[in-house]
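For reference, coords.csv is printed below; it contains CSV, C-alpha atoms.
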```
chain,number,residue,atom,x,y,z
A,1,MET,CA,14.0,20.8,26.8
A,2,ASP,CA,14.5,20.0,23.1
A,3,GLU,CA,12.8,17.2,21.1
A,4,ILE,CA,15.7,14.7,21.8
A,5,GLY,CA,15.5,15.4,25.5
A,6,ALA,CA,11.7,14.9,25.5
A,7,LEU,CA,12.2,11.5,23.7
A,8,ALA,CA,14.7,10.5,26.4
A,9,ILE,CA,12.2,10.9,29.2
A,10,ALA,CA,9.3,9.3,27.4
A,11,PRO,CA,9.9,5.8,28.8
A,12,ARG,CA,9.6,7.1,32.4
A,13,LEU,CA,6.3,8.9,31.8
A,14,SER,CA,4.1,5.9,32.6
A,15,GLN,CA,6.0,5.4,35.9
A,16,PHE,CA,5.5,9.1,36.7
A,17,VAL,CA,1.8,8.9,36.0
A,18,ALA,CA,1.4,5.8,38.2
A,19,VAL,CA,3.0,7.5,41.2
A,20,ALA,CA,1.0,10.7,40.6
A,21,ARG,CA,-2.3,8.8,40.6
A,22,ALA,CA,-1.4,6.5,43.6
A,23,GLU,CA,0.2,9.4,45.6
A,24,HIS,CA,2.3,6.6,47.2
A,25,MET,CA,5.6,5.3,45.9
A,26,THR,CA,5.1,1.7,47.3
A,27,HIS,CA,1.6,1.4,46.1
A,28,ALA,CA,2.6,2.6,42.6
A,29,ALA,CA,5.5,0.2,42.5
A,30,GLU,CA,3.2,-2.7,43.3
A,31,GLU,CA,0.6,-1.6,40.7
A,32,ILE,CA,3.1,-1.5,37.8
A,33,GLY,CA,5.2,-4.5,39.0
A,34,VAL,CA,8.6,-2.9,39.6
A,35,PRO,CA,10.7,-2.7,42.8
A,36,GLN,CA,10.1,0.4,44.8
A,37,SER,CA,13.8,1.2,44.7
A,38,THR,CA,13.8,1.1,40.9
A,39,LEU,CA,10.8,3.3,40.8
A,40,SER,CA,12.3,5.8,43.2
A,41,ARG,CA,15.5,6.1,41.2
A,42,SER,CA,13.5,6.5,37.9
A,43,ILE,CA,11.5,9.4,39.4
A,44,ALA,CA,14.6,11.0,40.8
A,45,ARG,CA,16.3,10.7,37.4
A,46,LEU,CA,13.2,12.3,35.7
A,47,GLU,CA,13.3,15.2,38.1
A,48,ALA,CA,17.0,15.7,37.5
A,49,ASP,CA,16.6,15.6,33.7
A,50,LEU,CA,13.8,18.2,33.9
A,51,GLY,CA,15.6,20.3,36.6
A,52,VAL,CA,12.5,20.6,38.7
A,53,GLY,CA,10.8,18.8,41.6
A,54,LEU,CA,7.7,16.9,40.6
A,55,PHE,CA,6.6,15.6,44.0
A,56,VAL,CA,6.6,16.8,47.6
A,57,ARG,CA,7.3,13.8,49.8
A,58,THR,CA,5.5,13.5,53.2
A,59,GLY,CA,6.5,10.2,54.8
A,60,ARG,CA,5.4,7.4,52.4
A,61,THR,CA,3.0,9.6,50.5
A,62,VAL,CA,3.7,12.1,47.7
A,63,ARG,CA,1.8,14.9,46.2
A,64,LEU,CA,2.4,16.8,42.9
A,65,THR,CA,4.1,20.1,42.7
A,66,ARG,CA,2.9,22.8,40.3
A,67,GLU,CA,5.4,21.5,37.7
A,68,GLY,CA,4.3,17.9,38.4
A,69,ARG,CA,0.6,18.8,37.7
A,70,THR,CA,1.7,20.4,34.4
A,71,LEU,CA,3.6,17.3,33.4
A,72,LEU,CA,0.8,15.0,34.5
A,73,ARG,CA,-1.7,16.8,32.3
A,74,HIS,CA,0.5,16.4,29.2
A,75,ALA,CA,1.8,12.9,30.1
A,76,GLU,CA,-1.8,11.5,30.4
A,77,ARG,CA,-2.7,13.0,27.0
A,78,ALA,CA,0.5,11.6,25.4
A,79,LEU,CA,0.0,8.1,26.9
A,80,GLY,CA,-3.7,8.2,25.9
A,81,GLU,CA,-2.7,9.0,22.3
A,82,LEU,CA,-0.1,6.2,22.4
A,83,ALA,CA,-2.7,3.7,23.7
A,84,ALA,CA,-5.1,4.7,21.0
A,85,ALA,CA,-2.3,4.2,18.4
A,86,VAL,CA,-1.6,0.7,19.8
A,87,ARG,CA,-5.3,-0.2,19.6
A,88,GLU,CA,-5.6,1.1,16.0
A,89,ILE,CA,-2.5,-0.9,15.0
A,90,ARG,CA,-3.7,-4.0,16.6
A,91,GLY,CA,-7.1,-3.5,14.9
A,92,ASP,CA,-5.5,-3.1,11.5
A,93,ALA,CA,-3.6,-6.4,12.1
A,94,ASP,CA,-6.7,-8.3,13.2
A,95,GLU,CA,-7.2,-11.3,10.9
A,96,LEU,CA,-11.0,-10.8,10.8
A,97,ARG,CA,-11.3,-7.0,10.9
A,98,GLY,CA,-7.9,-5.8,9.9
A,99,ARG,CA,-6.7,-3.4,7.1
A,100,VAL,CA,-4.8,-4.2,3.9
A,101,GLY,CA,-3.1,-1.7,1.6
A,102,LEU,CA,-3.5,-3.0,-2.0
A,103,ALA,CA,-2.0,-1.2,-5.0
A,104,PHE,CA,-2.9,-2.2,-8.5
A,105,LEU,CA,-2.5,-1.2,-12.1
A,106,SER,CA,-5.1,1.2,-13.6
A,107,THR,CA,-5.8,-1.4,-16.3
A,108,LEU,CA,-6.9,-3.9,-13.7
A,109,GLY,CA,-9.5,-1.5,-12.2
A,110,ALA,CA,-12.3,-2.1,-14.6
A,111,ALA,CA,-12.9,-5.7,-14.0
A,112,ALA,CA,-10.2,-7.9,-12.5
A,113,VAL,CA,-9.6,-6.2,-9.1
A,114,PRO,CA,-13.4,-5.5,-8.4
A,115,ARG,CA,-14.1,-9.1,-9.1
A,116,LEU,CA,-11.3,-10.3,-6.8
A,117,LEU,CA,-12.3,-8.0,-4.0
A,118,ARG,CA,-16.0,-9.0,-4.3
A,119,ASP,CA,-15.0,-12.7,-4.1
A,120,PHE,CA,-12.6,-12.1,-1.2
A,121,ARG,CA,-15.2,-10.2,0.8
A,122,ALA,CA,-17.6,-13.0,0.5
A,123,PHE,CA,-15.3,-15.0,2.8
A,124,HIS,CA,-13.7,-12.1,4.8
A,125,PRO,CA,-16.4,-9.4,5.0
A,126,GLY,CA,-14.7,-7.6,7.9
A,127,ILE,CA,-11.4,-6.8,6.4
A,128,ARG,CA,-11.0,-3.2,5.2
A,129,PHE,CA,-8.9,-2.0,2.2
A,130,ASP,CA,-6.8,1.1,1.4
A,131,LEU,CA,-6.7,1.0,-2.4
A,132,VAL,CA,-4.1,2.6,-4.6
A,133,GLN,CA,-4.6,2.6,-8.4
A,134,GLY,CA,-2.1,4.0,-10.8
A,135,PRO,CA,0.9,3.4,-13.0
A,136,HIS,CA,3.6,0.8,-12.4
A,137,ALA,CA,6.2,3.2,-11.0
A,138,LEU,CA,3.7,4.7,-8.5
A,139,LEU,CA,2.7,1.3,-7.2
A,140,LEU,CA,6.3,0.3,-6.5
A,141,ASP,CA,6.9,3.7,-4.8
A,142,ARG,CA,3.9,3.2,-2.5
A,143,LEU,CA,5.0,-0.3,-1.8
A,144,ARG,CA,8.5,0.7,-0.8
A,145,ALA,CA,7.2,3.6,1.4
A,146,GLY,CA,4.9,1.2,3.3
A,147,ASP,CA,1.7,2.8,2.0
A,148,ALA,CA,0.7,-0.5,0.4
A,149,ASP,CA,1.3,-4.0,1.6
A,150,LEU,CA,0.8,-5.8,-1.8
A,151,ALA,CA,0.9,-4.7,-5.4
A,152,LEU,CA,-0.7,-6.3,-8.5
A,153,THR,CA,1.5,-5.1,-11.4
A,154,SER,CA,3.4,-5.7,-14.5
A,155,PRO,CA,6.2,-6.1,-15.4
A,156,LEU,CA,7.5,-7.8,-12.4
A,157,PRO,CA,10.4,-5.8,-11.0
A,158,ASP,CA,13.9,-7.3,-10.6
A,159,GLU,CA,14.9,-5.5,-7.4
A,160,PRO,CA,16.7,-7.1,-4.4
A,161,GLY,CA,14.3,-5.6,-1.9
A,162,LEU,CA,11.1,-6.8,-3.5
A,163,GLU,CA,9.7,-10.3,-3.7
A,164,THR,CA,7.6,-11.1,-6.8
A,165,GLU,CA,5.2,-14.0,-7.7
A,166,PRO,CA,3.6,-14.4,-11.1
A,167,LEU,CA,-0.2,-14.9,-10.9
A,168,GLY,CA,-1.4,-15.0,-14.5
A,169,GLU,CA,-1.1,-13.6,-18.0
A,170,GLU,CA,-3.0,-10.9,-19.9
A,171,GLU,CA,-3.3,-10.8,-23.6
A,172,LEU,CA,-3.1,-7.5,-25.4
A,173,ARG,CA,-4.7,-7.0,-28.8
A,174,LEU,CA,-4.3,-4.4,-31.5
A,175,ALA,CA,-7.2,-2.0,-31.2
A,176,VAL,CA,-7.9,-0.3,-34.6
A,177,PRO,CA,-10.7,2.0,-35.8
A,178,ALA,CA,-13.6,0.1,-37.5
A,179,ASP,CA,-12.8,1.6,-40.9
A,180,HIS,CA,-9.1,0.7,-40.7
A,181,PRO,CA,-7.8,-1.6,-43.5
A,182,LEU,CA,-6.9,-4.3,-41.0
A,183,ALA,CA,-10.3,-4.3,-39.2
A,184,ALA,CA,-11.6,-7.1,-41.3
A,185,ARG,CA,-8.7,-9.5,-40.5
A,186,THR,CA,-10.5,-11.6,-37.9
A,187,GLY,CA,-7.9,-14.2,-38.0
A,188,GLY,CA,-5.3,-11.9,-36.5
A,189,VAL,CA,-2.5,-9.8,-37.7
A,190,ALA,CA,1.3,-9.4,-37.3
A,191,LEU,CA,2.2,-6.4,-35.3
A,192,ALA,CA,4.6,-5.3,-38.0
A,193,GLU,CA,1.5,-4.6,-40.2
A,194,ALA,CA,0.7,-1.6,-38.0
A,195,ALA,CA,4.2,-0.1,-38.3
A,196,ARG,CA,3.1,2.9,-40.4
A,197,ASP,CA,0.1,3.7,-38.2
A,198,PRO,CA,0.2,6.4,-35.5
A,199,PHE,CA,-0.1,4.8,-32.0
A,200,VAL,CA,-2.2,5.9,-29.1
A,201,GLY,CA,-0.1,4.9,-26.1
A,202,PHE,CA,0.5,5.1,-22.4
A,203,LEU,CA,2.6,7.8,-20.8
A,204,PRO,CA,6.1,7.1,-19.7
A,205,GLY,CA,6.1,5.6,-16.1
A,206,PHE,CA,3.3,3.2,-17.0
A,207,GLY,CA,4.6,-0.4,-17.2
A,208,MET,CA,2.6,-0.9,-20.3
A,209,ARG,CA,4.6,1.8,-22.2
A,210,GLY,CA,7.8,-0.1,-21.9
A,211,THR,CA,6.2,-3.4,-22.7
A,212,VAL,CA,4.5,-2.1,-25.9
A,213,ASP,CA,7.7,-0.4,-27.0
A,214,ALA,CA,9.6,-3.7,-26.5
A,215,TRP,CA,7.1,-5.6,-28.6
A,216,CYS,CA,7.2,-3.1,-31.4
A,217,ARG,CA,11.0,-3.3,-31.4
A,218,GLU,CA,10.7,-7.1,-31.7
A,219,ALA,CA,8.4,-6.5,-34.7
A,220,GLY,CA,11.1,-4.4,-36.3
A,221,PHE,CA,9.8,-0.8,-35.8
A,222,VAL,CA,9.6,2.1,-33.3
A,223,PRO,CA,6.0,3.2,-32.7
A,224,ARG,CA,5.1,6.8,-33.7
A,225,VAL,CA,3.1,7.8,-30.6
A,226,ALA,CA,0.6,10.5,-31.6
A,227,PHE,CA,-1.3,10.6,-28.3
A,228,GLU,CA,-0.4,9.6,-24.7
A,229,GLY,CA,-2.6,8.9,-21.8
A,230,GLY,CA,-3.0,7.0,-18.5
A,231,ASP,CA,-6.5,5.5,-18.8
A,232,VAL,CA,-7.1,2.4,-21.0
A,233,GLU,CA,-10.7,3.3,-21.8
A,234,THR,CA,-9.7,6.8,-22.8
A,235,LEU,CA,-7.1,5.4,-25.1
A,236,ARG,CA,-9.7,2.9,-26.6
A,237,GLY,CA,-12.0,5.8,-27.1
A,238,LEU,CA,-9.3,7.7,-29.0
A,239,VAL,CA,-8.8,4.7,-31.2
A,240,GLY,CA,-12.6,4.7,-31.9
A,241,ALA,CA,-12.3,8.4,-32.9
A,242,GLY,CA,-9.8,7.4,-35.6
A,243,LEU,CA,-6.7,9.0,-33.9
A,244,GLY,CA,-4.5,5.9,-34.1
A,245,VAL,CA,-4.1,2.3,-33.2
A,246,ALA,CA,-3.1,0.9,-29.8
A,247,LEU,CA,-2.0,-2.3,-28.0
A,248,LEU,CA,-4.5,-2.7,-25.2
A,249,PRO,CA,-5.9,-5.3,-22.8
A,250,MET,CA,-9.1,-6.9,-24.1
A,251,ALA,CA,-12.1,-4.9,-23.3
A,252,ALA,CA,-13.9,-6.1,-20.1
A,253,HIS,CA,-17.2,-4.7,-21.3
A,254,PRO,CA,-18.9,-4.8,-24.7
A,255,ALA,CA,-16.5,-3.3,-27.3
A,256,THR,CA,-16.3,0.4,-27.7
A,257,PRO,CA,-18.2,1.6,-30.7
A,258,GLY,CA,-16.0,2.1,-33.7
A,259,VAL,CA,-13.2,-0.1,-32.3
A,260,VAL,CA,-12.1,-3.6,-33.5
A,261,GLU,CA,-9.7,-5.7,-31.4
A,262,LEU,CA,-7.4,-7.9,-33.4
A,263,PRO,CA,-5.3,-10.8,-31.9
A,264,ILE,CA,-1.6,-10.5,-32.7
A,265,THR,CA,0.0,-13.5,-34.4
A,266,GLU,CA,3.5,-12.3,-33.9
A,267,PRO,CA,5.2,-11.4,-31.6
A,268,ARG,CA,3.4,-12.9,-28.6
A,269,THR,CA,1.8,-9.9,-26.9
A,270,THR,CA,1.0,-11.4,-23.5
A,271,ARG,CA,2.3,-9.8,-20.3
A,272,THR,CA,2.7,-11.4,-16.9
A,273,ILE,CA,0.9,-9.9,-14.0
A,274,GLY,CA,2.0,-10.7,-10.5
A,275,LEU,CA,2.0,-10.0,-6.9
A,276,VAL,CA,4.8,-7.8,-5.4
A,277,ARG,CA,5.7,-7.2,-1.8
A,278,VAL,CA,8.6,-5.9,0.2
A,279,ARG,CA,11.0,-8.7,1.0
A,280,ASP,CA,11.5,-9.3,4.8
A,281,ARG,CA,8.7,-7.0,5.8
A,282,PRO,CA,6.5,-9.0,8.1
A,283,LEU,CA,2.9,-9.7,6.9
A,284,THR,CA,0.0,-8.9,9.2
A,285,PRO,CA,-2.6,-11.6,9.4
A,286,PRO,CA,-5.1,-9.9,7.1
A,287,VAL,CA,-2.4,-9.2,4.5
A,288,GLY,CA,-1.4,-12.9,4.6
A,289,VAL,CA,-5.0,-13.9,4.1
A,290,LEU,CA,-5.3,-11.7,1.0
A,291,GLN,CA,-2.0,-13.0,-0.4
A,292,ASP,CA,-3.1,-16.6,-0.1
A,293,PHE,CA,-6.5,-15.7,-1.7
A,294,LEU,CA,-4.9,-14.0,-4.6
A,295,ARG,CA,-2.6,-17.0,-5.2
A,296,SER,CA,-5.6,-19.3,-5.4
A,297,ARG,CA,-7.7,-17.2,-7.9
A,298,PRO,CA,-7.1,-16.5,-11.6
A,299,LEU,CA,-6.8,-12.8,-12.5
```

Now that the file is in, can you turn its structure into structure tokens?
Amino acid sequence: MDEIGALAIAPRLSQFVAVARAEHMTHAAEEIGVPQSTLSRSIARLEADLGVGLFVRTGRTVRLTREGRTLLRHAERALGELAAAVREIRGDADELRGRVGLAFLSTLGAAAVPRLLRDFRAFHPGIRFDLVQGPHALLLDRLRAGDADLALTSPLPDEPGLETEPLGEEELRLAVPADHPLAARTGGVALAEAARDPFVGFLPGFGMRGTVDAWCREAGFVPRVAFEGGDVETLRGLVGAGLGVALLPMAAHPATPGVVELPITEPRTTRTIGLVRVRDRPLTPPVGVLQDFLRSRPL
């Protein structure tokens, strides 16, 4: 029997197992709560589909044939795996001890997400997490595929199948080497003043890449990207090594040696970070609890 045929008999396996264990059609029907006539027809249909007899009938009792014993061995294993899957799924959906898939930008991994998860676990210590960290495009792919329930990302996508909610804003500053001519400008600089500098930037596919490019265009220039990477601290280190300037989120820890972060006076270099989920996909209780928590906390 091919795979499609096997799937067709799957709904009748539990009835077959009940009869095999009870060795009595009436007792099995009472145990699983179906009329005996319905159960008898189901078993007969199963035998017809398989082309073999599964039971030898003696009065009201039945016993398994050789083929029936083979099917019972595999059916019990299959039903056991199914029951285990149901238990696992129900456990993942439990409000107190369930599981949540959270995807977030790499730039949020240094401080924001660890802080949020620490605060969340103080109230919900039993909830478990599957964490995905990466660029914007990867996070949305994982969300669409069902590998993540929620995503913290920027920019917020304009896609019919996704639901977005802004949670806060993040300022980006111009990171320059300490010996850069602009480094002493503590009052801030216009982004256009860095137009002639080489830029250290994010790789294509990172949401930050498109955002920075758009701000540079607004300032009247196209950035000359000398180095590309995917980790904000690596990019900050490259700035400190004198390899260029970069628009980066403010450092969460003490400033990297040799790097000065300058506020931008124009244009406004602040990006919106928000929560994204798949529209019309039901939220399990633990996912709903985390969503409500993130709505109530600043990033």

Interatomic distance, CA of Leu275 (chain A) to CA of Trp215 (chain A) (Å, one decimal): 22.7 Å

CA of Ala151 (chain A) to CA of Gly229 (chain A), distance in Å rounded to a single decimal: 21.6 Å

Region 259-265 of chain A environment, 10 Å, all atoms listed in the file, sequence neighbours closer than 2 positions dropped, as a PyMOL selection string: chain A and resi 171-180+182-192+236-242+245-251+255-257+267-270

Minimum-distance residue to Glu170 (chain A), chosen among A:Ile127, A:Leu299, A:Ile43, A:Val287 (using all atoms listed in the file):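 Result for the nearest residue to Glu170 (chain A): A:Leu299.
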
Which residue of A:Arg281, A:Arg21, A:Arg45, A:Arg60 approaches Leu150 (chain A) most closely, using only C-alpha atoms: A:Arg281

For Gly146 (chain A), the nearest of the candidates A:Glu81, A:Asp130, A:Asp158, A:Glu47, counting all atoms listed in the file: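 With all atoms listed in the file as the atom set, the closest residue is A:Asp130.
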